[in-house]
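Q: Below you'll find run22.cif; it's mmCIF, C-alpha atoms.
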data_upload
loop_
_atom_site.label_atom_id
_atom_site.label_comp_id
_atom_site.auth_asym_id
_atom_site.auth_seq_id
_atom_site.Cartn_x
_atom_site.Cartn_y
_atom_site.Cartn_z
CA MET A 1 39.35 271.28 86.21
CA PRO A 2 39.16 267.66 87.43
CA ILE A 3 42.46 266.24 88.58
CA GLN A 4 43.80 263.44 86.44
CA ILE A 5 44.83 260.20 88.04
CA LEU A 6 48.44 259.41 88.78
CA ALA A 7 47.98 255.68 88.26
CA HIS A 8 45.08 254.50 86.13
CA ILE A 9 42.40 252.46 87.88
CA GLN A 10 40.10 250.07 86.09
CA LYS A 11 36.42 250.71 86.72
CA GLY A 12 34.72 248.10 88.81
CA SER A 13 38.04 247.38 90.47
CA TYR A 14 38.49 245.47 93.67
CA ALA A 15 37.29 246.70 97.07
CA GLN A 16 38.42 243.70 99.09
CA MET A 17 41.87 244.08 100.56
CA LYS A 18 44.02 242.59 103.31
CA ILE A 19 47.37 243.88 104.61
CA VAL A 20 49.53 243.60 107.72
CA CYS A 21 52.09 246.22 108.73
CA LYS A 22 53.92 247.54 111.75
CA LYS A 23 52.18 250.33 113.64
CA THR A 24 55.25 252.61 113.29
CA ASN A 25 55.24 252.28 109.48
CA LEU A 26 51.49 252.78 109.17
CA LEU A 27 51.36 255.72 111.58
CA ASN A 28 54.23 257.49 109.83
CA GLY A 29 52.54 257.04 106.44
CA VAL A 30 49.14 258.21 107.69
CA GLN A 31 50.68 261.28 109.36
CA ILE A 32 52.50 262.21 106.13
CA VAL A 33 49.46 262.06 103.84
CA SER A 34 47.14 263.62 106.44
CA LYS A 35 48.81 266.94 105.66
CA ALA A 36 46.88 266.98 102.36
CA VAL A 37 43.48 266.36 103.97
CA PRO A 38 41.42 269.59 103.95
CA SER A 39 40.13 270.90 107.28
CA LYS A 40 36.88 271.99 105.62
CA THR A 41 35.30 270.59 102.47
CA THR A 42 31.88 269.87 101.01
CA MET A 43 33.22 266.68 99.37
CA SER A 44 33.33 263.87 101.92
CA ILE A 45 35.74 261.78 99.79
CA LEU A 46 38.39 264.47 100.28
CA GLU A 47 38.21 263.87 104.03
CA CYS A 48 39.54 260.37 103.38
CA ILE A 49 42.90 258.67 103.09
CA LEU A 50 43.11 256.13 100.28
CA ILE A 51 44.77 252.79 100.97
CA ASP A 52 45.76 251.46 97.56
CA VAL A 53 47.29 247.98 97.45
CA ARG A 54 48.54 246.80 94.06
CA ASN A 55 51.65 245.24 92.55
CA GLY A 56 52.80 244.10 95.98
CA GLU A 57 52.94 247.71 97.24
CA ILE A 58 50.96 249.54 99.92
CA LYS A 59 50.33 253.18 99.05
CA LEU A 60 48.55 255.82 101.09
CA ALA A 61 47.25 259.00 99.47
CA ALA A 62 45.30 262.16 100.29
CA ASN A 63 44.31 265.09 98.11
CA ASP A 64 42.55 268.41 98.72
CA MET A 65 42.49 269.31 94.97
CA GLU A 66 45.33 271.84 95.47
CA LEU A 67 47.83 269.64 97.29
CA GLY A 68 48.17 265.87 96.98
CA ILE A 69 50.49 263.52 98.86
CA GLU A 70 51.21 259.85 98.20
CA THR A 71 53.58 257.67 100.21
CA ARG A 72 54.60 254.00 100.14
CA ILE A 73 54.88 252.00 103.36
CA GLU A 74 56.38 248.62 104.15
CA GLY A 75 54.05 245.78 104.99
CA GLU A 76 52.75 242.38 103.95
CA VAL A 77 50.21 242.27 101.13
CA ILE A 78 47.81 239.35 101.58
CA GLU A 79 45.13 240.52 99.16
CA LYS A 80 45.18 243.49 96.80
CA GLY A 81 42.45 246.11 96.82
CA MET A 82 41.71 249.65 97.86
CA ILE A 83 39.57 251.55 100.31
CA ALA A 84 39.11 255.20 101.33
CA LEU A 85 38.86 255.74 105.09
CA ASP A 86 37.94 258.87 107.05
CA ALA A 87 41.35 260.45 107.72
CA LYS A 88 40.65 261.82 111.19
CA ILE A 89 39.18 258.57 112.56
CA PHE A 90 41.81 256.40 110.84
CA LEU A 91 44.69 258.51 112.21
CA GLU A 92 43.33 258.44 115.76
CA ILE A 93 42.72 254.68 115.66
CA VAL A 94 46.23 253.95 114.40
CA ARG A 95 47.79 256.40 116.87
CA LYS A 96 46.08 254.78 119.87
CA LEU A 97 46.60 251.13 118.95
CA PRO A 98 49.33 249.11 120.72
CA ASP A 99 52.83 249.22 119.27
CA SER A 100 52.47 245.98 117.33
CA ASN A 101 51.42 244.61 113.93
CA ILE A 102 48.17 246.01 112.54
CA LYS A 103 45.93 244.04 110.18
CA ILE A 104 43.54 245.90 107.88
CA GLU A 105 40.98 244.04 105.79
CA THR A 106 37.92 245.11 103.84
CA ASP A 107 35.00 243.24 102.37
CA SER A 108 32.83 243.86 99.31
CA SER A 109 30.42 246.02 101.35
CA LEU A 110 33.33 248.42 102.18
CA LYS A 111 33.33 247.38 105.86
CA THR A 112 36.89 247.72 107.08
CA THR A 113 38.25 245.80 110.06
CA ILE A 114 41.37 247.10 111.81
CA THR A 115 42.90 244.61 114.26
CA CYS A 116 45.90 244.97 116.58
CA GLU A 117 46.56 242.44 119.33
CA LYS A 118 43.21 242.27 121.21
CA ALA A 119 41.82 245.55 119.84
CA LYS A 120 39.41 245.44 116.92
CA PHE A 121 37.67 248.29 115.08
CA ASN A 122 35.02 248.06 112.37
CA ILE A 123 34.45 251.16 110.25
CA ILE A 124 32.71 251.76 106.94
CA GLY A 125 34.93 253.07 104.18
CA LYS A 126 34.23 254.60 100.79
CA SER A 127 34.95 253.24 97.35
CA GLY A 128 38.47 254.00 96.17
CA GLU A 129 37.05 254.64 92.69
CA ASP A 130 35.54 257.89 93.98
CA PHE A 131 38.88 259.17 95.21
CA SER A 132 40.44 262.18 93.48
CA TYR A 133 43.84 261.02 92.36
CA LEU A 134 46.99 263.07 92.17
CA PRO A 135 47.74 264.86 88.88
CA LEU A 136 49.76 262.99 86.30
CA ILE A 137 53.16 264.67 86.12
CA GLU A 138 55.74 263.91 83.46
CA ARG A 139 58.99 263.32 85.30
CA ASN A 140 61.62 264.84 83.05
CA ASP A 141 64.64 266.99 83.95
CA SER A 142 64.34 267.12 87.71
CA VAL A 143 66.00 269.85 89.76
CA VAL A 144 67.90 268.15 92.57
CA VAL A 145 68.52 269.62 96.03
CA SER A 146 69.30 267.96 99.34
CA GLN A 147 66.50 267.54 101.87
CA PHE A 148 68.52 269.68 104.28
CA THR A 149 68.82 272.52 101.77
CA LEU A 150 65.14 272.58 100.83
CA LYS A 151 64.05 272.43 104.47
CA GLU A 152 66.42 275.32 105.32
CA ILE A 153 65.33 277.48 102.37
CA ILE A 154 61.69 277.10 103.40
CA ARG A 155 62.50 277.87 107.05
CA GLN A 156 64.41 280.99 106.04
CA THR A 157 61.64 282.47 103.85
CA ILE A 158 58.22 281.06 104.76
CA PHE A 159 57.58 283.51 107.60
CA SER A 160 57.20 286.48 105.27
CA ILE A 161 54.41 285.18 103.03
CA ALA A 162 51.02 286.88 103.47
CA ASP A 163 48.52 284.95 105.59
CA ASN A 164 45.41 286.05 103.72
CA ASP A 165 44.12 285.72 100.16
CA ASN A 166 43.80 289.43 99.33
CA ASN A 167 46.66 288.92 96.92
CA LYS A 168 47.06 285.24 96.05
CA LEU A 169 50.64 285.69 94.81
CA MET A 170 51.71 286.89 98.26
CA THR A 171 50.53 283.59 99.80
CA GLY A 172 53.17 281.74 97.77
CA GLU A 173 56.92 281.81 97.19
CA LEU A 174 58.73 282.52 93.96
CA PHE A 175 61.09 279.75 92.84
CA GLU A 176 63.40 281.08 90.15
CA ILE A 177 65.98 278.79 88.57
CA ASP A 178 68.66 280.42 86.45
CA GLU A 179 71.35 278.00 85.26
CA ASP A 180 72.98 276.76 88.50
CA THR A 181 71.24 279.17 90.90
CA LEU A 182 67.97 278.73 92.76
CA LYS A 183 66.44 281.90 94.18
CA VAL A 184 63.46 281.73 96.53
CA VAL A 185 61.49 284.88 97.37
CA SER A 186 58.58 285.65 99.70
CA LEU A 187 56.92 288.95 100.60
CA ASP A 188 53.86 290.27 102.41
CA GLY A 189 53.86 293.99 101.61
CA HIS A 190 55.95 294.96 104.65
CA ARG A 191 59.06 292.83 104.07
CA ILE A 192 60.84 290.65 101.55
CA SER A 193 62.87 287.50 102.19
CA ILE A 194 65.32 286.19 99.58
CA ARG A 195 67.52 283.08 99.68
CA LYS A 196 69.91 282.02 96.94
CA ILE A 197 71.71 278.69 96.67
CA GLN A 198 74.07 277.12 94.17
CA LEU A 199 72.78 273.97 92.48
CA LYS A 200 75.00 271.05 91.53
CA ASN A 201 73.82 271.12 87.92
CA THR A 202 72.75 273.69 85.33
CA TYR A 203 69.10 274.01 84.30
CA GLU A 204 66.90 275.93 81.90
CA PHE A 205 65.39 279.15 83.24
CA LYS A 206 62.20 278.56 85.24
CA LYS A 207 60.05 280.93 87.25
CA ILE A 208 57.05 279.65 89.24
CA VAL A 209 55.07 280.52 92.37
CA VAL A 210 54.54 277.66 94.86
CA PRO A 211 51.77 277.93 97.49
CA GLY A 212 53.10 278.62 100.98
CA LYS A 213 50.85 275.86 102.38
CA THR A 214 52.57 273.31 100.15
CA LEU A 215 56.04 274.39 101.27
CA SER A 216 55.04 274.50 104.91
CA GLU A 217 53.69 270.94 104.79
CA ILE A 218 56.71 269.65 102.85
CA SER A 219 59.10 271.12 105.42
CA LYS A 220 57.33 269.09 108.13
CA ILE A 221 57.83 265.85 106.19
CA LEU A 222 61.44 266.36 105.06
CA SER A 223 64.03 264.63 107.23
CA GLY A 224 66.54 267.45 106.72
CA ASP A 225 69.23 264.88 105.89
CA THR A 226 72.16 266.30 103.88
CA ASP A 227 72.72 262.90 102.23
CA LYS A 228 69.15 262.52 100.91
CA ASP A 229 67.95 264.36 97.83
CA VAL A 230 64.64 265.83 96.71
CA ASN A 231 63.80 265.64 93.00
CA ILE A 232 61.64 268.54 91.86
CA PHE A 233 59.65 268.35 88.60
CA PHE A 234 57.63 271.11 86.94
CA THR A 235 54.72 271.48 84.54
CA ASP A 236 52.87 274.65 83.55
CA ASN A 237 50.36 274.15 86.35
CA HIS A 238 51.95 271.84 88.91
CA ILE A 239 55.10 271.13 90.87
CA LEU A 240 56.09 267.67 92.10
CA PHE A 241 58.49 266.91 94.96
CA GLU A 242 59.79 263.34 95.18
CA PHE A 243 61.82 262.16 98.18
CA ASP A 244 62.19 258.99 100.24
CA ASN A 245 59.00 257.01 99.46
CA THR A 246 56.83 260.10 99.14
CA ILE A 247 55.43 262.20 96.29
CA VAL A 248 53.95 265.65 96.89
CA VAL A 249 52.09 267.32 94.02
CA SER A 250 50.79 270.87 94.20
CA ARG A 251 49.05 273.31 91.94
CA LEU A 252 51.06 276.44 91.21
CA ILE A 253 49.76 279.96 91.82
CA GLU A 254 49.01 281.65 88.52
CA GLY A 255 50.16 285.16 87.67
CA GLU A 256 53.28 287.26 87.22
CA TYR A 257 55.24 287.60 90.46
CA PHE A 258 56.27 291.04 91.71
CA ARG A 259 59.35 292.63 90.19
CA ILE A 260 61.38 292.63 93.35
CA ASP A 261 64.60 293.81 91.65
CA GLN A 262 63.02 297.27 91.48
CA MET A 263 62.60 297.20 95.27
CA LEU A 264 66.22 296.25 95.99
CA SER A 265 69.04 298.74 96.28
CA SER A 266 72.72 298.63 97.16
CA ASP A 267 72.73 302.30 98.22
CA TYR A 268 73.04 303.12 101.91
CA GLU A 269 73.88 306.04 104.18
CA THR A 270 74.37 303.98 107.33
CA LYS A 271 75.89 300.52 107.71
CA VAL A 272 75.88 298.66 111.02
CA ARG A 273 77.61 295.41 111.92
CA ILE A 274 76.23 293.84 115.07
CA ASN A 275 76.33 290.58 117.02
CA LYS A 276 73.21 288.75 115.87
CA LYS A 277 72.51 286.92 119.13
CA GLU A 278 72.79 290.11 121.23
CA PHE A 279 70.60 292.06 118.81
CA LEU A 280 67.94 289.33 118.71
CA SER A 281 67.91 288.91 122.51
CA CYS A 282 67.56 292.65 123.01
CA ILE A 283 64.56 292.95 120.66
CA ASP A 284 63.02 289.86 122.24
CA ARG A 285 63.26 291.49 125.68
CA ALA A 286 61.67 294.67 124.35
CA THR A 287 58.60 292.75 123.20
CA LEU A 288 57.87 291.71 126.80
CA LEU A 289 56.20 295.10 127.13
CA VAL A 290 53.99 294.67 124.05
CA LYS A 291 50.48 293.26 124.49
CA GLU A 292 49.25 290.82 121.86
CA GLY A 293 47.71 292.73 118.97
CA ASP A 294 49.54 295.94 119.94
CA LYS A 295 51.63 297.47 117.16
CA LYS A 296 54.35 299.27 119.09
CA PRO A 297 57.62 299.84 117.21
CA VAL A 298 61.05 299.24 118.61
CA ILE A 299 63.00 302.47 118.13
CA ILE A 300 66.65 302.15 117.20
CA ASN A 301 69.05 305.05 117.69
CA ILE A 302 72.37 304.51 115.93
CA THR A 303 75.43 306.54 116.90
CA ASP A 304 79.15 306.07 116.32
CA ASP A 305 79.84 302.99 118.45
CA ALA A 306 76.50 302.06 119.96
CA MET A 307 72.94 301.17 119.10
CA GLU A 308 70.26 302.09 121.60
CA LEU A 309 66.95 300.23 121.49
CA LYS A 310 63.88 301.75 123.11
CA MET A 311 60.35 300.47 123.69
CA ASN A 312 57.54 302.48 125.27
CA THR A 313 54.08 300.98 125.87
CA ILE A 314 51.19 301.32 128.33
CA ILE A 315 52.83 298.54 130.37
CA GLY A 316 56.15 300.37 130.74
CA SER A 317 59.33 301.29 128.95
CA MET A 318 62.81 299.86 128.40
CA ASP A 319 66.03 300.91 126.79
CA GLU A 320 69.20 298.96 126.15
CA GLU A 321 72.48 299.67 124.44
CA ILE A 322 74.50 297.32 122.23
CA ASP A 323 78.04 297.78 120.91
CA ILE A 324 78.24 298.01 117.14
CA SER A 325 80.60 298.91 114.38
CA LYS A 326 79.15 301.61 112.16
CA SER A 327 80.04 303.46 109.00
CA GLY A 328 78.09 306.43 107.67
CA LYS A 329 75.54 308.69 109.30
CA ASP A 330 73.82 308.54 112.69
CA LEU A 331 70.21 307.43 112.37
CA MET A 332 67.03 306.96 114.40
CA ILE A 333 64.57 304.49 112.89
CA GLY A 334 61.57 302.40 114.03
CA PHE A 335 60.56 298.84 113.16
CA ASN A 336 57.88 296.31 113.90
CA PRO A 337 59.93 294.15 116.31
CA LYS A 338 58.36 290.91 115.04
CA PHE A 339 59.74 291.50 111.55
CA LEU A 340 63.29 291.93 112.87
CA ILE A 341 62.96 288.87 115.11
CA ASP A 342 61.63 286.68 112.26
CA ALA A 343 64.60 287.54 110.03
CA LEU A 344 67.31 287.34 112.70
CA ARG A 345 66.09 283.95 113.94
CA VAL A 346 66.75 282.25 110.61
CA ILE A 347 70.18 283.79 109.94
CA ASP A 348 73.00 281.49 111.02
CA ASP A 349 75.81 284.07 110.90
CA GLU A 350 77.37 285.24 114.16
CA GLU A 351 77.34 288.86 113.01
CA VAL A 352 74.90 290.60 110.66
CA ASP A 353 75.12 293.73 108.53
CA LEU A 354 72.28 296.25 108.37
CA TYR A 355 72.12 298.78 105.53
CA MET A 356 69.89 301.86 105.87
CA VAL A 357 69.34 305.16 104.03
CA ASN A 358 66.92 307.17 106.18
CA PRO A 359 64.02 306.64 108.68
CA LYS A 360 61.50 306.15 105.86
CA ALA A 361 63.51 303.87 103.54
CA PRO A 362 63.77 300.07 103.81
CA CYS A 363 66.45 298.42 105.94
CA PHE A 364 68.40 295.58 104.32
CA ILE A 365 69.94 292.73 106.29
CA ARG A 366 72.23 290.83 103.92
CA ASP A 367 75.54 289.01 103.68
CA GLU A 368 78.29 290.07 101.32
CA GLU A 369 77.48 287.40 98.70
CA GLU A 370 73.74 288.17 99.01
CA ASN A 371 72.98 284.51 99.68
CA TYR A 372 70.32 285.96 101.93
CA VAL A 373 68.61 289.35 101.77
CA TYR A 374 65.91 290.53 104.18
CA LEU A 375 64.20 293.83 103.36
CA ILE A 376 62.13 295.35 106.19
CA LEU A 377 60.10 298.52 105.87
CA PRO A 378 60.40 300.95 108.82
CA VAL A 379 57.40 302.32 110.69
CA ASN A 380 56.57 305.83 111.85
CA PHE A 381 57.21 306.52 115.51
CA THR A 382 57.11 309.19 118.16
CA THR A 383 60.48 309.75 119.79
CA VAL A 384 60.71 308.12 123.22
CA SER A 385 62.07 310.48 125.85
#
Can you turn what I pasted into structure tokens?
A:
Amino acid sequence: MPIQILAHIQKGSYAQMKIVCKKTNLLNGVQIVSKAVPSKTTMSILECILIDVRNGEIKLAANDMELGIETRIEGEVIEKGMIALDAKIFLEIVRKLPDSNIKIETDSSLKTTITCEKAKFNIIGKSGEDFSYLPLIERNDSVVVSQFTLKEIIRQTIFSIADNDNNKLMTGELFEIDEDTLKVVSLDGHRISIRKIQLKNTYEFKKIVVPGKTLSEISKILSGDTDKDVNIFFTDNHILFEFDNTIVVSRLIEGEYFRIDQMLSSDYETKVRINKKEFLSCIDRATLLVKEGDKKPVIINITDDAMELKMNTIIGSMDEEIDISKSGKDLMIGFNPKFLIDALRVIDDEEVDLYMVNPKAPCFIRDEEENYVYLILPVNFTTVS
């Protein structure tokens, strides 16, 4: 379905344009929108960044038909107009120009001149009329979170999305809003990551799946400032994030997300409380003996007051003991060490609680309020002597 335009353009509109702006402002804007330029495409216009100068504003935009980004930058508008420039060339030119004012002007033949101090580039652009504009999103009833919160939620869940398209839903994250609670979920078939936060306001129930690529790119743009907000708007097919001078619009992933509540359990036979930093460091050391692409489990043997970690590979073996506090049964269980490391790295608590049932059942790492829950499936192993 063709993407509608965000701001309507009159056919036969202007190509000539002239602006002046600081290199830092232009480079920042180009870097932001470049995240929506596809690495591979058969449509050359999608390889471009649009410079759209109207109403005294300078806007930059890029769009790969799934993800679109538009940002406003400060600068002097001498003549309004618009031009689409090859994103890769434009970014490299701006990046390597002196740290000074940059002048960009186009003529009716789409020739674009970029001047900075004594440097001068001439490149041929494309008509802005051919550019695929961002979808038109009605901005009603925004969900508001701080930039810091959104950046943290993404950091604490994005690692457990699937990295292939075998199941499209697994390449995205579930955003579920229920009154004043936002729950974000990701899974890849071997693990589940869940983060819950309290919102300042109450909202109608919403349940959508946002592409992981969108969230990953947004997290790179967000400042992470606790005092700056992100306004999030929804339609049936799109999500819009608005923050600072930037708008990010993304298609949603269609389909019914997995019923994760059926996979979660509060039952356990063994509970372990352990120092997170010690646990993480120990697993990290164990992976020194694992070659890239090797799938060797770390074997964890839990007894009354200690946890022993063992690793045995063709390179060598290691074992290390960590003090713990335990309730319930002794247990020996194996895990993909990467999955444990990914979860532990994003938990900020000094100590973490692990809940387990048996060597074949999932392990849960969660806090008492269940603001975060990490489910990790164990792996089969041969006992290390």
Q: List the residues selected by the PyMOL selection byres ((chain A and resi 356) around 10) in the file shown, writing them as an MDAnalysis selection string.
A: chainID A and resid 266:272 328:329 331 333 354:355 357:365 378
Q: Identify all residues satisfying the PyMOL selection byres ((chain A and resi 148) around 10) in the given file; provide them as a CSV table (one decimal) with C-alpha atoms, in the coordinates of the input.
A:
chain,number,residue,atom,x,y,z
A,145,VAL,CA,68.5,269.6,96.0
A,146,SER,CA,69.3,268.0,99.3
A,147,GLN,CA,66.5,267.5,101.9
A,149,THR,CA,68.8,272.5,101.8
A,150,LEU,CA,65.1,272.6,100.8
A,151,LYS,CA,64.0,272.4,104.5
A,152,GLU,CA,66.4,275.3,105.3
A,153,ILE,CA,65.3,277.5,102.4
A,219,SER,CA,59.1,271.1,105.4
A,222,LEU,CA,61.4,266.4,105.1
A,223,SER,CA,64.0,264.6,107.2
A,224,GLY,CA,66.5,267.4,106.7
A,225,ASP,CA,69.2,264.9,105.9
A,226,THR,CA,72.2,266.3,103.9
A,227,ASP,CA,72.7,262.9,102.2
A,228,LYS,CA,69.2,262.5,100.9
A,229,ASP,CA,68.0,264.4,97.8
A,230,VAL,CA,64.6,265.8,96.7
Q: Report, in Å to a single decimal, how far apart atom CA of Asn275 of chain A and atom CA of His190 of chain A are.
A: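 Atom CA of His190 of chain A sits 24.2 Å away from atom CA of Asn275 of chain A.
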Q: What gap, in Å, lies between atom CA of Val33 of chain A and atom CA of Ile83 of chain A?
A: 14.9 Å
Q: Output the residue selection produced by the PyMOL selection byres ((chain A and resi 303-311) around 12) on the file above, formatted as JSON, numbers by chain.
A: {"A": [270, 271, 272, 273, 274, 275, 278, 279, 280, 281, 282, 283, 284, 285, 286, 287, 288, 289, 290, 295, 296, 297, 298, 299, 300, 301, 302, 312, 313, 314, 315, 316, 317, 318, 319, 320, 321, 322, 323, 324, 325, 326, 327, 328, 329, 330, 331, 332, 333, 334, 335, 336, 337, 354, 381, 382, 383, 384, 385]}
Q: Centre and edge lengths, as AutoDock Vina command-line options, for the axis-aligned box enclosing every listed atom of segment 79-89 of chain A with 3 Å of padding on each of the six sides, in Å to one decimal?
A:
--center_x 41.6 --center_y 251.2 --center_z 104.7 --size_x 13.2 --size_y 27.3 --size_z 21.8
Q: Point out the residue among A:Ala87, A:Ile247, A:Leu240, A:Leu252 with the least atom-to-atom distance to Val210 of chain A, counting all atoms listed in the file.
A: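 Of A:Ala87, A:Ile247, A:Leu240, A:Leu252, the one nearest Val210 of chain A is A:Leu252, counting all atoms listed in the file.
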Q: Which protein, DNA or RNA residues are at most 10 Å from (36.6, 253.4, 101.4) in the file's coordinates when you count only C-alpha atoms, listed as a count of residues only?
A: 25
Q: Enter the distance from atom CA of Ile260 of chain A to atom CA of Val184 of chain A, in Å, rounded to one decimal.
A: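 Pair atom CA of Ile260 of chain A / atom CA of Val184 of chain A returns 11.5 Å.
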Q: Hey, which bits of segment 215-325 of chain A sit within 12 Å of segment 20-28 of chain A, and for each residue what's the closest pair of atoms and how far apart in Å (one decimal), counting all atoms listed in the file, rows by chain and increasing number, as a tab-separated table?
A:
residue	atom	partner	partner_atom	distance
A:Ile221	CA	A:Asn28	CA	9.8
A:Asn245	CA	A:Asn28	CA	11.4
A:Thr246	CA	A:Asn28	CA	11.3
Q: Which residue gives the smallest distance to Lys80 of chain A among A:Ile194, A:Ile104, A:Val94, A:Ala343, with all atoms listed in the file counted?
A: A:Ile104
Q: Ranking A:Ser142, A:Asn122, A:Asn101, A:Ser193 by minimum distance to Ile19 of chain A and counting all atoms listed in the file, which one comes first?
A: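 Answer, going by the shortest atom-to-atom distance: A:Asn101.
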Q: Nearest residue to Ile177 of chain A out of A:Leu134, A:Ala162, A:Ile154, A:Val144, using only C-alpha atoms?
A: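 Among the listed residues, the smallest separation from Ile177 of chain A belongs to A:Val144.
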Q: Near Glu256 of chain A, counting only C-alpha atoms, which residues have an atom at most 10 Å away, once you skip same-chain residues fewer than 2 positions from it, shown as JSON, numbers by chain?
A: {"A": [169, 174, 207, 208, 209, 253, 254, 258, 259]}
